[in-house]
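Let me begin by presenting the structure, written as structure tokens, before commenting on it.
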Amino acid sequence: MFIYLSKKIAIPNNVALHSISWNQDQGYIACGGEDGLLKVLKLESQVFCLGKDKAKGLAAPSSLSMNQSLDGHSGSVQVVRWNDLYQKLTTSDKYGLIIVWMMFKGQWFEEMINNRNKSVVRDMCWNKEGQKICIIYEDGAVIVGSVDGQRIWGRDLKGSNLSNVTWSPDGKLLVFGLTNGEVHIYDNMGVLAKKMEIYCLTNVTGAIHLAGLQWYNGRDGYISPNCPCFAVCYDNGRAQIMRSEGDDEPVLLDTGMNVMCIDWNNTGSILTIAGTQQAEEKDVNIVQFYTPFGEHLRTLKVPGQKLTSCSWEGGGLRIALAVDSFIYFANIRPDYKWGYCTNTVVYAYLKPERVEQCVTFWNWNTNEKYVKYVKCLLCMAAYGDQCCLATKSDESNTQYVLILCNSIGTPMETRYIDIEPLYLAMTSTHVFAASKNAFFVWQYKIPNQLAAMEIGGKKPTGKERMYHIDDTPSGVADAIKDTSKAYILTKDPICCICATDKLLVVGRESGNINRYSLPQVALTNQNKLNCRPYQISVNCNSMRLAIIDIAGILTFFDFSTPKDGSGQDAAGELLNFERKDVWDMKWAEDNSELFAMMEKTRMYIFRNLDPEEPMLSSGYICQFTDLEIKAVLLDEIMKDPEHPEKDCLLEMEIKSLRDSRDLLEKVGIEEAMKFIEENPHPRLWRLLGESALQKQELATAELAFVRCKDYQAIQFIKKLQTMQSEQLRVAEVDTYFRRFDDAEKKYMEMDRRDLAVALRRKLGDWFRVVQLLKSGGGAGDDVQLEEAWNAIGDYYADRQKWLSAVNYYVQGRNQERLAECYYMIEDYVGLETMVSNLPENHKLLTEIAQMFASVGMSQQAVAAYTKCNKIKAAIDACIQLNQWNMAIDLAKVHNVKEIDSLLVKYAQHLLEKNKLLNATELYKKANRFLDAAKLLYKIAEKEATKKCHPMRIRKLFVLCGLLVEKHNEQTRSRMKSGKKDASSALAGLLDDDMSSMSDVRVIENAWRGARAYHFFLLAQRQLHQGYFDASMKTCLHLRDYEDFLNPEDIYSLLALSACANQAFNTCSKAFTKLQSLETLSATQKQAYEELALGIFIKHPPKDVKQRKGECSNCETMIPDW
């Protein structure tokens, strides 16, 4: 970042200021001072317009739009606090008077007044939501009130002299600072939670006082997860920044100054500590800027006697400082994380609702945005078509990741490294990442190389090396192999790096710079600067280095090596050039003597260290090539980063280009040519050539294009020189400058409609081609019209406007694309019509059949395949769609023999996947009823083994029996017809092998299994319904089905029903059979024995009642059972 003083406002009558506060949302500035002084100021808001705005996106305008004095205080105003959300101002003076101000019709008026009349207000703080305010008094009184003036609670902290207060971001805690330096934590209802440990005062003696106590509320997000945001600072310069109130490892600072106040910026990324410092026997006002992790960023010296207060602007681009009776404004140029590659601006910003940083790839040319969320983004660099993001790995705290992305954010390659990539540089072939002690070199592969490697089957690996900054590599196997050496601390850390294709330059904090030749990475020179470099850059021929130091001073170091007296190469020299307050610079990509730099709010262009007239701008320079500068207004983008506007990218021409254009327009080609010869550049020669070409001065144009090495333009001029017609040459020139409408008009005036049509064909403007062709007749027009209709159809098809495409394909008689459109809009009737209209064996019929098959329309697919005589494909489609009847009919009609083998293969496939029911359905559809019955028989046996529900097993056997009946009927009908054609596919499907024992078993026993389970279910139903006699008789029949039912189930059910029917003789026989079963265990047999004993002790084994019936043959009376 860079900071500089930009404006100074004097308070009337030299009234000293005590406090200042900047409204974060509306931009109002309130300042309070002696004698009741209270003023509200506002700097005008910038109207961002680039049409006639000479400022070109000037950051931080400084003209006043409001200057109102507020009357109400009689004593010096000591505390000024804004409620940003509710647009209220709360102030307090030395007499304890508190006034709340509100805006009404553009002016500030008193809304509420309160005076406790006992003590002085030392501090006030609104919570994050702006609904509560905490007011503390010097005597220990604490009052928490609401935004509408209601008192929520009050406490009197006896024995505590309070000085500071702040809310926690979630509003659950209040932190009080005492005049003796202690910090106490209370909950939001005023109950003491704990006393906070102060680590920064270790080994400090003497009286100390709190200078600042501020907890960043996280309103605009955090720069990293678990980032320190709670700052405690003392007047002796000691400070600590904590992650929470209980952080036992805070960031410790010793600023070495007498601190007056502190303040966080809007994102919590910068902590400002303001005060005075002893220098040359006098106190100097100093403002120090730190990161939340304690890294010092900048020091700002402020004139005046005493600095009393400071406050950040809401956008983080300015800070206001109250010094004596003046308000100083300092502009900040932030170090955004951004890059530029191929018309794409890559920038990162915070979202309050997300932990990750949002990285946006914005193509300003097409206004397309691609968003990527990255955790712990450290820095980024861009070159050409690629961008490299340096992040911290989620998997390890000691590993970092380099992600190489293209211009739409797609990751191309990644590399894990063991050093923290604080600094990043990039060339067309290398990425350089540096920590404080070492640097990493990665030779990455560009996309076309990656594609070639993937085609060749090679793994795309780049060359990677790591070097310690104190090493002196010679370019031959000097890289660090033990990564632990990269952590060895150096006495002179790295502070910046830059690189070209030939050179790597590393800057160190002492002012030393190391030069390494590329690609071998050999240390060639070490040079000493008189400053600490902050940003360095090498020009396009790698002969000159630009240095911006931490004070914003730009200097140059020349790497050219003139011979000295000893014949040795000199190491270079520091040029006699210096510019102050510089915060950005960019070398021209095509001229080693051209560069652009940003000095405060001005952009200067230098040619060989000579400046041109400056332009007002605050843009960050993206690119400098062809005498044009592209700069992006990141300050404007960051106001609404989700919706960047094209106006945020500036394109500016340098003076020589503007002068050349003016000479060509107002004076003439000869004078312009003289000027360009004195200031040669390919862009100027091209401008001259284009101007001469428009004026038909072909000789001058050819000379200019030769000087700028534009081969295509030279060939175009040679083509023009061969043309006899001047009007035709003028039309060709219009085409060259893309004035296609003018060129067409001239062609038509010459009656050369063919040239106009050819022009529009080259441009792909087929709509205009159709209009031109329809405007006149001629041979070949029908062919060209069909081509145009088809091209227009392609235009709509590419945009998925299929209905529009159909109309044009019909006119162009393009059957292939028409079929595709019908398929996309699901117009299958149209496809059927095409099938009927196409001739037999047309190549399109196969594609249409595949379309029908893909959507399950088997009949239409078969019709298409049949018309092109592809019966095998039709049968395959039927099999794929499970239309086996249709497949068999096809096989029968066309005598296809392979259908049986395909059927077997498909059935086997289903059986391997244990899809028995699917295989059964397949066999049934194919009329192979016996195979289906065998599968069902197997399923029923398996279900019986698993003891599933008897009803399910009975149904399976019934279905099996039905299939057997169909098989028998099929066999009888076949035998009855007496026709057996062994060559037919149908005969193959119905051929039975009755010699198989399993087939015989299934045929004979299918209904037997169904009867067994029918009787088993019937006996149980009769038993439950109370028909004990019928149930027992049914159980007696079950004895014939021991091959299907479990004997234990049969005889236990028989014993139960016989016992219920009082047929104890039959019951006794059932128990005897149970005890003789070999499948029962000893325990089960013992249980049955005990049960039988219990029954037959009470009842003798005789049938109580036994019915007799007459024999149907001999009329003898016999028992029922």
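Convention: chains lettered A, B, ... in structure tokens order; per-chain residue numbering from 1; ligands numbered from 1 as shown.
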
Quiz item: Neighbours of Trp153 (chain A) within 10 Å (only C-alpha atoms; same-chain residues fewer than 2 positions away dropped), as a PyMOL selection string?
Solution: chain A and resi 134+142-146+150-151+155+188-190

Keeping only N, CA, C and O atoms, write the selected residues as a PDB file, in the first residue's frame.
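See again-v4.pdb below for the written result:
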ATOM      1  N   CYS A 134     -23.290   1.813  24.473  1.00  0.00           N
ATOM      2  CA  CYS A 134     -22.745   1.716  25.821  1.00  0.00           C
ATOM      3  C   CYS A 134     -21.997   3.005  26.127  1.00  0.00           C
ATOM      4  O   CYS A 134     -21.100   3.416  25.371  1.00  0.00           O
ATOM      5  N   VAL A 142     -21.826   2.843  34.153  1.00  0.00           N
ATOM      6  CA  VAL A 142     -22.022   2.308  32.805  1.00  0.00           C
ATOM      7  C   VAL A 142     -23.512   2.334  32.496  1.00  0.00           C
ATOM      8  O   VAL A 142     -24.323   1.900  33.317  1.00  0.00           O
ATOM      9  N   ILE A 143     -23.869   2.870  31.354  1.00  0.00           N
ATOM     10  CA  ILE A 143     -25.261   2.909  30.913  1.00  0.00           C
ATOM     11  C   ILE A 143     -25.319   2.308  29.517  1.00  0.00           C
ATOM     12  O   ILE A 143     -24.551   2.676  28.629  1.00  0.00           O
ATOM     13  N   VAL A 144     -26.247   1.363  29.309  1.00  0.00           N
ATOM     14  CA  VAL A 144     -26.513   0.786  27.989  1.00  0.00           C
ATOM     15  C   VAL A 144     -27.927   1.194  27.594  1.00  0.00           C
ATOM     16  O   VAL A 144     -28.885   0.922  28.319  1.00  0.00           O
ATOM     17  N   GLY A 145     -28.021   1.890  26.476  1.00  0.00           N
ATOM     18  CA  GLY A 145     -29.311   2.373  26.001  1.00  0.00           C
ATOM     19  C   GLY A 145     -29.608   1.891  24.603  1.00  0.00           C
ATOM     20  O   GLY A 145     -28.745   1.366  23.900  1.00  0.00           O
ATOM     21  N   SER A 146     -30.861   2.084  24.193  1.00  0.00           N
ATOM     22  CA  SER A 146     -31.289   1.666  22.851  1.00  0.00           C
ATOM     23  C   SER A 146     -31.201   2.842  21.899  1.00  0.00           C
ATOM     24  O   SER A 146     -30.995   3.990  22.303  1.00  0.00           O
ATOM     25  N   GLN A 150     -34.164   4.679  24.956  1.00  0.00           N
ATOM     26  CA  GLN A 150     -34.593   3.973  26.163  1.00  0.00           C
ATOM     27  C   GLN A 150     -33.376   3.398  26.889  1.00  0.00           C
ATOM     28  O   GLN A 150     -32.455   2.887  26.273  1.00  0.00           O
ATOM     29  N   ARG A 151     -33.407   3.468  28.212  1.00  0.00           N
ATOM     30  CA  ARG A 151     -32.337   2.903  29.031  1.00  0.00           C
ATOM     31  C   ARG A 151     -32.593   1.409  29.210  1.00  0.00           C
ATOM     32  O   ARG A 151     -33.637   1.007  29.703  1.00  0.00           O
ATOM     33  N   ARG A 155     -25.076   0.130  35.419  1.00  0.00           N
ATOM     34  CA  ARG A 155     -24.259  -0.451  36.485  1.00  0.00           C
ATOM     35  C   ARG A 155     -23.305   0.617  37.010  1.00  0.00           C
ATOM     36  O   ARG A 155     -22.875   1.517  36.284  1.00  0.00           O
ATOM     37  N   ASN A 188     -23.139  -8.883  28.106  1.00  0.00           N
ATOM     38  CA  ASN A 188     -23.929  -7.751  27.626  1.00  0.00           C
ATOM     39  C   ASN A 188     -24.985  -7.274  28.619  1.00  0.00           C
ATOM     40  O   ASN A 188     -25.741  -6.350  28.318  1.00  0.00           O
ATOM     41  N   MET A 189     -25.030  -7.918  29.794  1.00  0.00           N
ATOM     42  CA  MET A 189     -25.922  -7.442  30.857  1.00  0.00           C
ATOM     43  C   MET A 189     -25.152  -6.855  32.024  1.00  0.00           C
ATOM     44  O   MET A 189     -25.706  -6.587  33.081  1.00  0.00           O
ATOM     45  N   GLY A 190     -23.841  -6.679  31.852  1.00  0.00           N
ATOM     46  CA  GLY A 190     -23.045  -6.003  32.870  1.00  0.00           C
ATOM     47  C   GLY A 190     -22.495  -6.892  33.950  1.00  0.00           C
ATOM     48  O   GLY A 190     -22.077  -6.395  35.005  1.00  0.00           O
TER      49      GLY A 190
END

Quiz item: Could you pull the residues within 7 Å of region 498-500 of chain A, counting only C-alpha atoms, minus those fewer than 2 positions along the same chain, as a ChimeraX atom specification?
Solution: /A:425-427,502-506,536-538,542

Quiz item: Of the candidates A:Leu916, A:Val80, A:Cys496, A:Ile717, which one gets nearest to Tyr937 (chain A) if we count only C-alpha atoms?
Solution: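 Closest candidate: A:Leu916.
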
Self-check item: Selection: 10 Å around Gln800 (chain A), only C-alpha atoms, excl. self and same-chain fewer than 6 positions, as a PyMOL selection string
Solution: chain A and resi 794+821+824-825

Residues from last step as file, C-alpha atoms, as an mmCIF file, in the first residue's frame:
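This went into again.cif:
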data_model
loop_
_atom_site.group_PDB
_atom_site.id
_atom_site.type_symbol
_atom_site.label_atom_id
_atom_site.label_comp_id
_atom_site.auth_asym_id
_atom_site.auth_seq_id
_atom_site.Cartn_x
_atom_site.Cartn_y
_atom_site.Cartn_z
ATOM 1 C CA ASP A 794 -26.758 -23.948 -38.700
ATOM 2 C CA CYS A 821 -33.605 -31.023 -35.516
ATOM 3 C CA MET A 824 -34.064 -32.476 -30.737
ATOM 4 C CA ILE A 825 -37.621 -31.066 -30.751
#

Quiz prompt | Residues near Val120 (chain A), cut-off 9 Å, only C-alpha atoms, skip fewer than 4 positions along chain, as a VMD selection string | solution = chain A and resid 92 to 97 116 136 to 139

Which polymer residues have any atom within 9 Å of an atom of Phe361 (chain A), counting only C-alpha atoms, with same-chain residues fewer than 5 positions away left out, as an mmCIF file with N, CA and C atoms, in the first residue's frame?
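Heads up, here's the output in selection.cif:
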data_model
loop_
_atom_site.group_PDB
_atom_site.id
_atom_site.type_symbol
_atom_site.label_atom_id
_atom_site.label_comp_id
_atom_site.auth_asym_id
_atom_site.auth_seq_id
_atom_site.Cartn_x
_atom_site.Cartn_y
_atom_site.Cartn_z
ATOM 1 N N THR A 344 -8.709 -9.882 -19.445
ATOM 2 C CA THR A 344 -9.401 -10.344 -18.240
ATOM 3 C C THR A 344 -8.738 -9.734 -17.013
ATOM 4 N N VAL A 345 -9.538 -9.072 -16.199
ATOM 5 C CA VAL A 345 -9.063 -8.542 -14.918
ATOM 6 C C VAL A 345 -9.433 -9.561 -13.840
ATOM 7 N N VAL A 346 -8.444 -10.008 -13.107
ATOM 8 C CA VAL A 346 -8.646 -10.969 -12.022
ATOM 9 C C VAL A 346 -8.476 -10.214 -10.710
ATOM 10 N N TYR A 347 -9.479 -10.263 -9.856
ATOM 11 C CA TYR A 347 -9.385 -9.548 -8.591
ATOM 12 C C TYR A 347 -10.073 -10.358 -7.497
ATOM 13 N N GLU A 368 -18.137 -10.902 -19.355
ATOM 14 C CA GLU A 368 -18.435 -12.177 -18.717
ATOM 15 C C GLU A 368 -17.614 -12.308 -17.438
ATOM 16 N N LYS A 369 -18.212 -12.932 -16.415
ATOM 17 C CA LYS A 369 -17.545 -13.085 -15.126
ATOM 18 C C LYS A 369 -17.539 -14.563 -14.746
ATOM 19 N N TYR A 370 -16.424 -15.001 -14.206
ATOM 20 C CA TYR A 370 -16.282 -16.350 -13.678
ATOM 21 C C TYR A 370 -15.752 -16.225 -12.260
ATOM 22 N N VAL A 371 -16.425 -16.867 -11.324
ATOM 23 C CA VAL A 371 -16.115 -16.693 -9.906
ATOM 24 C C VAL A 371 -15.501 -17.973 -9.360
ATOM 25 N N LYS A 372 -14.484 -17.801 -8.540
ATOM 26 C CA LYS A 372 -13.804 -18.930 -7.902
ATOM 27 C C LYS A 372 -13.584 -18.544 -6.437
ATOM 28 N N SER A 407 -7.737 -17.910 -18.292
ATOM 29 C CA SER A 407 -8.394 -16.610 -18.127
ATOM 30 C C SER A 407 -9.856 -16.718 -17.707
ATOM 31 N N ILE A 408 -10.404 -17.936 -17.582
ATOM 32 C CA ILE A 408 -11.771 -18.083 -17.061
ATOM 33 C C ILE A 408 -11.771 -18.796 -15.709
ATOM 34 N N GLY A 409 -10.593 -18.938 -15.109
ATOM 35 C CA GLY A 409 -10.513 -19.496 -13.759
ATOM 36 C C GLY A 409 -10.431 -20.999 -13.691
#

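If only C-alpha atoms are the atoms counted, then among A:Ile1050, A:Cys1114, A:Leu930, A:Ile319 the closest residue to Thr971 (chain A) is A:Leu930.
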